[in-house]
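Chemist: What follows is start-v4.txt, compact mmCIF, C-alpha atoms and all ligand atoms.
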```txt
# COMPACT_ATOMS: atom_id res chain seq x y z
CA MET A 1 -3.02 311.47 82.08
CA ASN A 2 0.31 309.80 81.63
CA ARG A 3 -0.06 306.64 83.69
CA ARG A 4 1.32 303.46 82.17
CA ARG A 5 -1.45 301.29 80.87
CA ARG A 6 -1.89 297.90 82.44
CA PRO A 7 -0.13 295.00 80.71
CA ALA A 8 -3.27 293.26 79.43
CA THR A 9 -4.07 296.46 77.54
CA GLU A 10 -0.51 296.96 76.33
CA LEU A 11 -0.44 293.44 74.95
CA THR A 12 -3.01 294.28 72.30
CA THR A 13 -0.85 296.88 70.53
CA LEU A 14 2.79 296.32 71.54
CA GLY A 15 5.28 296.19 68.67
CA ARG A 16 2.84 297.60 66.16
CA ASP A 17 4.27 299.76 63.38
CA ARG A 18 1.43 300.70 61.06
CA ASP A 19 3.69 301.98 58.32
CA ALA A 20 5.71 298.76 58.25
CA SER A 21 2.46 296.73 58.27
CA PHE A 22 0.67 298.61 55.46
CA GLY A 23 -1.99 299.43 58.06
CA PHE A 24 -2.75 295.84 58.96
CA VAL A 25 -3.00 295.16 62.68
CA ASN A 26 -0.33 292.44 62.54
CA PRO A 27 3.19 292.75 61.15
CA PRO A 28 3.98 291.18 57.80
CA LEU A 29 5.86 287.89 57.91
CA VAL A 30 9.15 288.88 56.26
CA ARG A 31 11.56 286.09 55.44
CA GLY A 32 14.90 286.98 53.97
CA SER A 33 18.65 286.89 53.78
CA THR A 34 19.75 289.59 51.29
CA VAL A 35 18.85 293.22 51.91
CA LEU A 36 19.34 295.39 48.83
CA HIS A 37 20.99 298.78 49.12
CA ASP A 38 20.71 301.78 46.80
CA SER A 39 24.45 302.26 46.44
CA ALA A 40 27.82 301.06 47.62
CA ALA A 41 28.04 304.11 49.83
CA GLN A 42 24.69 303.40 51.45
CA MET A 43 25.68 299.81 52.15
CA ARG A 44 29.01 300.95 53.63
CA GLU A 45 27.24 303.47 55.85
CA ARG A 46 24.68 300.94 57.14
CA VAL A 47 27.39 298.39 57.92
CA ARG A 48 29.32 301.10 59.75
CA GLN A 49 26.19 301.91 61.77
CA ARG A 50 25.71 298.26 62.65
CA HIS A 51 29.27 298.02 63.92
CA ALA A 52 28.56 301.16 65.95
CA GLY A 53 25.58 299.43 67.61
CA VAL A 54 22.65 300.56 65.46
CA ASP A 55 20.36 297.61 64.66
CA ARG A 56 18.01 299.26 62.19
CA PRO A 57 17.86 299.50 59.23
CA VAL A 58 19.27 296.00 58.79
CA THR A 59 21.99 294.94 56.38
CA TYR A 60 21.44 291.20 56.28
CA GLY A 61 18.79 288.68 57.36
CA ILE A 62 20.74 287.36 60.33
CA TYR A 63 20.32 290.77 61.97
CA GLY A 64 16.54 290.51 61.89
CA THR A 65 13.57 291.45 59.73
CA PRO A 66 10.64 293.75 60.50
CA THR A 67 8.88 290.64 61.86
CA HIS A 68 11.66 290.07 64.39
CA HIS A 69 11.73 293.74 65.33
CA ALA A 70 7.99 293.88 66.00
CA PHE A 71 8.41 291.01 68.47
CA TYR A 72 11.58 292.48 70.01
CA ASP A 73 9.91 295.87 70.50
CA ALA A 74 6.93 294.26 72.22
CA LEU A 75 9.18 292.29 74.58
CA THR A 76 11.44 295.20 75.39
CA GLU A 77 8.44 297.27 76.37
CA LEU A 78 6.89 294.48 78.45
CA GLU A 79 10.13 293.74 80.31
CA GLY A 80 11.06 297.40 80.75
CA GLY A 81 14.42 296.71 79.09
CA HIS A 82 16.77 298.42 76.65
CA ALA A 83 16.72 295.85 73.83
CA SER A 84 15.62 292.27 73.08
CA TRP A 85 16.62 289.41 70.80
CA ALA A 86 15.35 285.94 70.00
CA ALA A 87 17.31 282.70 69.93
CA PRO A 88 16.30 279.41 68.30
CA SER A 89 15.35 277.87 71.67
CA GLY A 90 15.07 278.81 75.32
CA LEU A 91 18.24 276.85 76.01
CA ALA A 92 20.10 278.67 73.22
CA ALA A 93 19.05 281.99 74.76
CA ILE A 94 20.50 280.92 78.12
CA THR A 95 23.78 279.57 76.74
CA THR A 96 24.26 282.66 74.56
CA ALA A 97 23.80 284.92 77.56
CA ILE A 98 26.30 282.94 79.64
CA LEU A 99 28.89 282.89 76.85
CA ALA A 100 28.53 286.65 76.43
CA PHE A 101 29.80 287.34 79.93
CA VAL A 102 32.44 284.72 80.78
CA ARG A 103 36.12 284.39 80.07
CA GLN A 104 38.72 281.82 81.00
CA GLY A 105 39.21 281.51 84.76
CA ASP A 106 35.76 282.91 85.66
CA ARG A 107 33.16 281.38 87.98
CA VAL A 108 29.45 281.14 87.21
CA LEU A 109 26.95 280.76 90.07
CA VAL A 110 24.15 278.31 89.24
CA PRO A 111 21.10 277.68 91.46
CA ASP A 112 20.57 274.03 92.42
CA SER A 113 16.97 274.35 91.14
CA VAL A 114 18.09 275.40 87.65
CA TYR A 115 16.53 274.01 84.45
CA GLY A 116 18.29 270.67 83.86
CA PRO A 117 19.83 271.35 80.43
CA THR A 118 21.22 274.67 81.74
CA ARG A 119 22.97 272.70 84.49
CA THR A 120 24.33 270.25 81.91
CA PHE A 121 25.74 273.11 79.79
CA CYS A 122 27.40 274.65 82.84
CA ARG A 123 28.84 271.34 83.97
CA GLU A 124 29.96 269.92 80.63
CA VAL A 125 30.69 272.84 78.30
CA LEU A 126 31.97 275.70 80.48
CA PRO A 127 34.89 273.71 82.01
CA ARG A 128 36.24 273.11 78.50
CA PHE A 129 36.87 276.86 78.36
CA GLY A 130 38.31 277.12 81.86
CA VAL A 131 35.08 278.41 83.41
CA THR A 132 33.88 276.86 86.67
CA ALA A 133 30.21 276.39 87.50
CA VAL A 134 29.47 276.65 91.22
CA ILE A 135 26.07 275.30 92.30
CA TYR A 136 24.41 277.28 95.12
CA ASP A 137 21.32 276.84 97.29
CA PRO A 138 18.50 278.75 95.51
CA ARG A 139 17.20 279.88 98.91
CA VAL A 140 20.50 281.31 100.11
CA GLY A 141 18.86 284.75 100.25
CA ALA A 142 16.89 283.68 103.33
CA ALA A 143 20.20 283.44 105.22
CA GLY A 144 20.88 287.14 104.65
CA ARG A 145 23.18 289.35 102.63
CA ALA A 146 26.42 288.05 104.16
CA ALA A 147 25.56 284.50 103.07
CA VAL A 148 24.97 285.74 99.53
CA GLU A 149 28.20 287.74 99.54
CA ALA A 150 30.09 284.63 100.58
CA LEU A 151 29.17 283.02 97.25
CA PHE A 152 31.02 285.67 95.27
CA ALA A 153 34.62 284.54 95.37
CA SER A 154 36.86 286.58 93.11
CA GLY A 155 36.42 285.92 89.42
CA THR A 156 32.64 285.43 89.66
CA SER A 157 31.33 287.05 86.50
CA VAL A 158 27.83 285.59 86.15
CA LEU A 159 25.00 284.93 88.59
CA LEU A 160 22.28 282.70 87.15
CA LEU A 161 18.81 282.98 88.67
CA GLU A 162 15.59 281.10 88.08
CA SER A 163 12.59 281.92 90.24
CA PRO A 164 10.66 279.79 90.88
CA GLY A 165 13.09 277.02 89.99
CA SER A 166 12.43 274.16 87.60
CA LEU A 167 10.64 271.11 89.08
CA THR A 168 11.06 272.18 92.73
CA PHE A 169 9.65 275.74 92.48
CA GLU A 170 11.82 277.47 95.10
CA MET A 171 11.47 281.25 94.98
CA GLN A 172 14.70 283.24 94.98
CA ASP A 173 15.31 286.63 96.60
CA VAL A 174 16.10 288.19 93.24
CA PRO A 175 16.57 291.81 94.42
CA LEU A 176 19.04 290.74 97.12
CA LEU A 177 21.03 288.37 94.94
CA ALA A 178 21.12 290.78 92.00
CA SER A 179 22.21 293.66 94.19
CA VAL A 180 25.13 291.67 95.62
CA ALA A 181 26.07 290.56 92.09
CA ARG A 182 26.10 294.16 90.91
CA ALA A 183 28.20 295.28 93.86
CA ARG A 184 30.70 292.53 93.03
CA GLY A 185 30.83 293.38 89.32
CA ALA A 186 28.94 290.25 88.15
CA VAL A 187 25.98 290.25 85.77
CA SER A 188 22.70 288.59 86.79
CA LEU A 189 20.93 286.51 84.17
CA ILE A 190 17.46 285.27 85.08
CA ASP A 191 15.36 282.55 83.51
CA ASN A 192 11.95 284.23 83.87
CA THR A 193 9.93 281.61 82.01
CA TRP A 194 7.48 280.63 84.78
CA ALA A 195 6.45 284.20 85.66
CA THR A 196 6.33 285.43 82.04
CA PRO A 197 7.03 289.12 81.37
CA LEU A 198 3.53 289.88 82.64
CA TYR A 199 4.05 288.84 86.25
CA PHE A 200 7.70 289.68 86.87
CA ARG A 201 9.95 292.39 85.42
CA PRO A 202 13.38 291.28 86.66
CA LEU A 203 15.28 294.26 85.31
CA GLU A 204 13.32 296.47 87.71
CA HIS A 205 14.56 294.21 90.52
CA GLY A 206 18.24 294.55 89.62
CA ALA A 207 18.77 291.72 87.12
CA ASP A 208 20.65 292.56 83.92
CA VAL A 209 19.19 290.10 81.41
CA SER A 210 15.74 288.47 81.48
CA ILE A 211 15.44 285.24 79.52
CA HIS A 212 12.37 283.27 78.44
CA ALA A 213 11.67 279.96 76.86
CA ALA A 214 9.05 281.53 74.57
CA THR A 215 8.36 277.91 73.69
CA LYS A 216 6.19 277.90 76.82
CA TYR A 217 3.56 280.52 77.71
CA ILE A 218 4.58 283.23 75.24
CA GLY A 219 4.08 280.93 72.25
CA GLY A 220 1.33 279.22 74.19
CA HIS A 221 0.26 276.68 71.59
CA SER A 222 2.99 273.98 71.57
CA ASP A 223 3.75 274.86 67.96
CA LEU A 224 7.17 276.51 68.22
CA VAL A 225 10.55 276.43 69.98
CA LEU A 226 12.01 279.87 70.73
CA GLY A 227 14.03 281.76 73.34
CA THR A 228 14.18 285.45 74.18
CA LEU A 229 16.71 287.76 75.78
CA THR A 230 15.95 291.24 77.11
CA ALA A 231 18.84 293.28 78.51
CA ASN A 232 19.26 296.58 80.30
CA ALA A 233 21.41 299.27 78.71
CA GLY A 234 24.52 298.21 80.63
CA ALA A 235 24.41 294.56 79.58
CA TRP A 236 23.17 295.00 76.02
CA PRO A 237 26.45 295.87 74.20
CA ARG A 238 28.22 292.69 75.33
CA LEU A 239 25.15 290.55 74.84
CA ARG A 240 24.58 292.00 71.37
CA ALA A 241 28.21 291.41 70.43
CA ALA A 242 27.99 287.75 71.49
CA ILE A 243 24.71 287.30 69.61
CA HIS A 244 26.35 288.53 66.41
CA GLN A 245 29.64 286.71 66.98
CA LEU A 246 27.86 283.42 67.61
CA GLY A 247 25.35 283.94 64.80
CA VAL A 248 22.29 283.64 67.02
CA THR A 249 19.09 284.20 65.08
CA ALA A 250 15.57 282.80 65.23
CA SER A 251 13.20 282.23 62.35
CA PRO A 252 10.80 285.08 61.51
CA ASP A 253 7.96 282.55 61.40
CA ASP A 254 8.52 281.65 65.04
CA CYS A 255 8.81 285.31 66.07
CA TRP A 256 5.56 286.02 64.25
CA LEU A 257 3.81 283.19 66.10
CA ALA A 258 5.30 284.28 69.41
CA LEU A 259 4.05 287.84 68.93
CA ARG A 260 0.62 286.43 68.13
CA GLY A 261 0.88 284.35 71.32
CA LEU A 262 1.70 287.46 73.37
CA ARG A 263 -1.60 289.09 72.38
CA SER A 264 -3.63 286.57 74.40
CA LEU A 265 -1.09 285.95 77.18
CA ALA A 266 -3.01 287.74 79.94
CA ALA A 267 -6.27 285.93 79.23
CA ARG A 268 -4.59 282.55 78.91
CA LEU A 269 -2.57 282.93 82.09
CA ALA A 270 -5.65 283.87 84.10
CA GLN A 271 -7.28 280.62 83.00
CA HIS A 272 -4.11 278.55 83.55
CA ARG A 273 -3.90 279.85 87.10
CA ALA A 274 -7.60 279.40 87.84
CA ASN A 275 -7.36 275.79 86.65
CA ALA A 276 -4.15 275.20 88.60
CA GLU A 277 -5.83 276.42 91.78
CA ARG A 278 -8.88 274.19 91.26
CA LEU A 279 -6.59 271.18 90.75
CA ILE A 280 -4.46 272.10 93.77
CA ASP A 281 -7.49 272.38 96.06
CA TRP A 282 -8.63 268.95 94.96
CA LEU A 283 -5.15 267.39 95.19
CA LEU A 284 -4.61 268.70 98.73
CA ALA A 285 -7.67 266.74 99.83
CA GLN A 286 -6.09 263.44 98.72
CA PRO A 287 -4.37 261.64 101.62
CA GLU A 288 -1.44 260.48 99.46
CA VAL A 289 -0.40 264.07 98.67
CA GLU A 290 2.15 265.53 101.08
CA ARG A 291 2.34 269.04 99.68
CA ILE A 292 2.01 271.17 96.58
CA LEU A 293 4.97 273.13 95.22
CA TYR A 294 3.45 276.40 94.01
CA PRO A 295 4.62 279.77 95.34
CA ALA A 296 1.19 281.37 94.94
CA ALA A 297 -0.17 278.93 97.57
CA PRO A 298 -0.26 280.66 100.99
CA ASP A 299 1.61 277.88 102.82
CA ASP A 300 4.40 277.57 100.24
CA PRO A 301 7.83 278.48 101.69
CA GLY A 302 8.34 280.90 98.80
CA HIS A 303 4.98 282.61 99.21
CA ALA A 304 6.28 285.77 100.92
CA LEU A 305 8.82 286.39 98.13
CA TRP A 306 6.19 285.61 95.50
CA ARG A 307 3.82 288.17 97.05
CA ARG A 308 6.53 290.76 97.38
CA ASP A 309 7.98 290.49 93.87
CA LEU A 310 5.50 288.93 91.43
CA SER A 311 2.12 290.25 90.33
CA GLY A 312 0.59 286.91 89.35
CA ALA A 313 1.08 283.18 88.96
CA SER A 314 1.03 280.83 86.03
CA GLY A 315 -0.30 277.28 85.95
CA LEU A 316 2.74 275.02 86.46
CA PHE A 317 3.19 273.31 89.84
CA GLY A 318 4.62 270.27 91.59
CA VAL A 319 2.77 267.56 93.50
CA ALA A 320 4.87 265.94 96.23
CA PHE A 321 3.60 262.56 97.36
CA LYS A 322 4.17 260.98 100.75
CA PRO A 323 7.27 258.76 100.82
CA ALA A 324 5.07 255.67 101.28
CA VAL A 325 3.64 256.18 97.78
CA SER A 326 5.68 254.18 95.27
CA ALA A 327 6.96 255.38 91.92
CA ALA A 328 5.00 252.51 90.37
CA ALA A 329 1.77 253.81 91.92
CA CYS A 330 2.50 257.26 90.47
CA SER A 331 3.07 255.69 87.07
CA ALA A 332 -0.32 253.99 87.38
CA LEU A 333 -1.86 257.39 88.10
CA ILE A 334 -0.24 258.93 85.03
CA ASP A 335 -0.77 256.06 82.60
CA GLY A 336 -4.38 256.07 81.53
CA LEU A 337 -5.06 259.77 82.03
CA GLN A 338 -7.27 260.92 79.18
CA LEU A 339 -6.83 264.70 79.29
CA PHE A 340 -3.28 265.12 80.62
CA GLY A 341 -0.59 264.52 78.02
CA ILE A 342 2.64 262.85 79.08
CA GLY A 343 5.43 264.91 77.60
CA ALA A 344 8.12 267.56 77.90
CA SER A 345 7.50 271.30 77.81
CA TRP A 346 4.48 273.24 79.15
CA GLY A 347 2.67 276.52 78.62
CA GLY A 348 0.51 275.27 75.77
CA TYR A 349 -3.27 275.05 75.90
CA GLU A 350 -3.30 271.36 76.86
CA SER A 351 -2.69 269.95 80.34
CA LEU A 352 0.47 267.90 80.82
CA ILE A 353 1.84 265.68 83.57
CA ILE A 354 5.29 264.16 84.10
CA ALA A 355 7.16 262.31 86.82
CA ALA A 356 9.87 264.79 87.88
CA ARG A 357 13.36 263.65 88.87
CA PRO A 358 15.24 266.75 89.95
CA GLU A 359 19.02 266.56 90.13
CA ARG A 360 20.54 268.10 93.25
CA THR A 361 24.04 268.94 94.37
CA VAL A 362 23.98 271.21 97.44
CA ALA A 363 20.41 271.91 98.59
CA PRO A 364 18.04 269.26 99.92
CA LEU A 365 15.00 268.36 97.83
CA PRO A 366 11.77 269.83 99.19
CA CYS A 367 10.18 266.38 99.34
CA ALA A 368 11.22 262.79 100.09
CA GLY A 369 8.52 260.94 98.11
CA PRO A 370 7.73 260.88 94.38
CA LEU A 371 7.21 264.21 92.64
CA LEU A 372 4.90 264.92 89.71
CA ARG A 373 4.78 268.12 87.68
CA ILE A 374 1.47 269.31 86.32
CA ALA A 375 0.94 272.00 83.70
CA ALA A 376 -2.69 273.06 84.03
CA GLY A 377 -4.05 273.71 80.54
CA LEU A 378 -7.13 275.54 79.37
CA GLU A 379 -9.62 272.68 79.62
CA ASP A 380 -12.62 272.74 81.97
CA ALA A 381 -11.24 272.19 85.49
CA GLY A 382 -14.09 269.83 86.40
CA ASP A 383 -13.13 267.48 83.58
CA LEU A 384 -9.49 267.60 84.62
CA ILE A 385 -10.43 266.70 88.21
CA ASP A 386 -12.56 263.78 87.01
CA ASP A 387 -9.55 262.52 85.04
CA LEU A 388 -7.25 262.86 88.06
CA ALA A 389 -9.82 261.10 90.29
CA GLN A 390 -9.63 258.07 88.04
CA GLY A 391 -5.84 258.31 88.17
CA PHE A 392 -5.91 258.27 91.99
CA ALA A 393 -8.17 255.22 91.87
CA ARG A 394 -5.49 253.46 89.77
CA LEU A 395 -2.80 254.64 92.21
CA ARG A 396 -4.76 253.18 95.14
CA ALA A 397 -5.27 249.88 93.34
CA GLN A 398 -1.49 249.38 93.08
C1 LIG B 1 11.67 274.72 78.66
C2 LIG B 1 12.54 275.57 79.48
C3 LIG B 1 13.72 276.10 78.96
C4 LIG B 1 14.24 275.74 77.59
O1 LIG B 1 13.41 276.14 76.55
P1 LIG B 1 13.52 275.38 75.13
O2 LIG B 1 12.86 276.31 74.19
O3 LIG B 1 12.81 274.07 75.29
O4 LIG B 1 14.98 275.22 74.84
C5 LIG B 1 14.45 276.95 79.76
N1 LIG B 1 14.07 277.25 81.01
C6 LIG B 1 12.95 276.76 81.54
C7 LIG B 1 12.57 277.15 82.93
C8 LIG B 1 12.15 275.90 80.80
O5 LIG B 1 11.04 275.39 81.35
```
Please express the file's structure as structure tokens.
Ligand SMILES: *Cc1c(COP(=O)(O)O)cnc(C)c1O
Modeler:
Amino acid sequence: MNRRRRPATELTTLGRDRDASFGFVNPPLVRGSTVLHDSAAQMRERVRQRHAGVDRPVTYGIYGTPTHHAFYDALTELEGGHASWAAPSGLAAITTAILAFVRQGDRVLVPDSVYGPTRTFCREVLPRFGVTAVIYDPRVGAAGRAAVEALFASGTSVLLLESPGSLTFEMQDVPLLASVARARGAVSLIDNTWATPLYFRPLEHGADVSIHAATKYIGGHSDLVLGTLTANAGAWPRLRAAIHQLGVTASPDDCWLALRGLRSLAARLAQHRANAERLIDWLLAQPEVERILYPAAPDDPGHALWRRDLSGASGLFGVAFKPAVSAAACSALIDGLQLFGIGASWGGYESLIIAARPERTVAPLPCAGPLLRIAAGLEDAGDLIDDLAQGFARLRAQ
């Protein structure tokens, strides 16, 4: 029997190298800069191999330790890629990937629903190098292939994707967009943070590089900041070159924690989603709520794409209020919550809530009233609902 095991099973052993771990189930935490060689000739040969594209054995700490490689191997397997790397943050992973594939005069296509700091990088840094960022409607795929092709003016070297998008949760037609990009000679880079490598394998849908803020669900415990990059064989040489030229490396401690986080990812995500769905059912019964932004919900505009392409859903969603609800009333809801933290990031064990203010350039916002973003944590859903009920009482008292 040669069938691939299911991801929840794979997660328990991925990246394991018993010889490198002295038999322990987890890899050793190796910190280091200098790697000693047996002779000048051996060092020369290993450096030559590195220049030729061989990453192991390593010659220096910046190129990774056995701790990094255990994490990279696990990710590569999960994403179905050729090779993986870690960056010191999710944002650093994204900017490294963009820099790897652009040159002066190029255009980069950026979805209007992109993670805010990615938009800022594209708007403020790329033009300094003669690269133009062109914002496009994340749902352009619904208008058909010709509409997607029209985005690819000559000189377009990078297509950025993020599905669902940050704050507004629009699903993108990744296979269609990536296939047009490939036909036009552009690389597709996708921010796959929401779906995690468990629920979407973008390289199998035509993307070239899958990127995660491992800060979120992969780490899972709000105790690290880390980004990951997984490339197919075609994209890896240029990405790898940029990683080394820019000096992109993450700490082994964070890679060790992220690998530990991966082990429980399937179980955590199941609970995050179950809690999200309990909260959503309750929220939809509140008259002030106009709609929920969550592609796994059957009436979400992105639901058909979600069903077609993803195999699961995580626990982050948007709550769109009716326009009559004031921002002050939403603040009253948020302030005083006992179980929901008010703060950036998501994917940890604790529930979070923020008032979302998406920036838009070309595509209309999916809602006219105030928008909140909720990260459903691992608490008991009944307690979370009780907390929200008190929040709605404060909102109504405004
Ligand atoms: C948080 C986030 C990032 C950035 O990750 P950091 O590790 O905080 O830099 C990128 N993309 C998405 C979708 C995110 O939510």
Chemist: Could you tell me how far CA of Thr95 in chain A lies from atom C2 of ligand LIG 1 (chain B), in Å and to one decimal?
Modeler: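 Interatomic distance here is 12.2 Å.
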Chemist: Give me, as a Markdown table, each residue of chain A that comes within 7 Å of ligand LIG 1 (chain B), together with its shortest interatomic pair and the distance in Å at one decimal, counting only C-alpha atoms and all ligand atoms, with rows ordered by chain and rising residue number.
Modeler:
```
| residue | atom | partner | partner_atom | distance |
| --- | --- | --- | --- | --- |
| A:Ser89 | CA | B:LIG1 | O2 | 3.9 |
| A:Gly90 | CA | B:LIG1 | O1 | 3.4 |
| A:Leu91 | CA | B:LIG1 | O4 | 3.8 |
| A:Ala92 | CA | B:LIG1 | O4 | 6.4 |
| A:Tyr115 | CA | B:LIG1 | C7 | 5.3 |
| A:Ser166 | CA | B:LIG1 | C7 | 5.5 |
| A:Asp191 | CA | B:LIG1 | N1 | 6.0 |
| A:Thr193 | CA | B:LIG1 | C7 | 5.3 |
| A:Trp194 | CA | B:LIG1 | C7 | 6.4 |
| A:His212 | CA | B:LIG1 | N1 | 6.8 |
| A:Ala213 | CA | B:LIG1 | O1 | 4.2 |
| A:Ala214 | CA | B:LIG1 | O2 | 6.5 |
| A:Thr215 | CA | B:LIG1 | O2 | 4.8 |
| A:Lys216 | CA | B:LIG1 | C1 | 6.6 |
| A:Val225 | CA | B:LIG1 | O2 | 4.8 |
| A:Leu226 | CA | B:LIG1 | O2 | 5.0 |
| A:Gly227 | CA | B:LIG1 | O2 | 5.6 |
| A:Ser345 | CA | B:LIG1 | C1 | 5.5 |
```
Chemist: CA of Leu372 in chain A and CA of Ala355 in chain A, how far apart in Å?
Modeler: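 Those two atoms sit 4.5 Å apart.
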Chemist: So which one's closest to Ala143 in chain A, A:Glu124, A:Asp106, A:Glu350, A:Asp173? Using only C-alpha atoms, please.
Modeler: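 For Ala143 in chain A, the nearest of the given residues is A:Asp173.
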Chemist: In terms of the shortest atom-to-atom distance over only C-alpha atoms, which of A:Lys322, A:Leu78, A:Val30, A:Ile218 is closest to Gln286 in chain A?
Modeler: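 Closest residue, counting only C-alpha atoms: A:Lys322.
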Chemist: Nearest to Gly15 in chain A: which of A:His272, A:His68, A:Arg308, A:Arg123 is it, counting only C-alpha atoms?
Modeler: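 The closest residue to Gly15 in chain A is A:His68.
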Chemist: Just checking: using only C-alpha atoms, which residue out of A:Leu352, A:Ala87, A:Gly336, A:Ser154 ends up closest to Leu246 in chain A?
Modeler: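 Between A:Leu352, A:Ala87, A:Gly336, A:Ser154, the residue approaching Leu246 in chain A most closely is A:Ala87.
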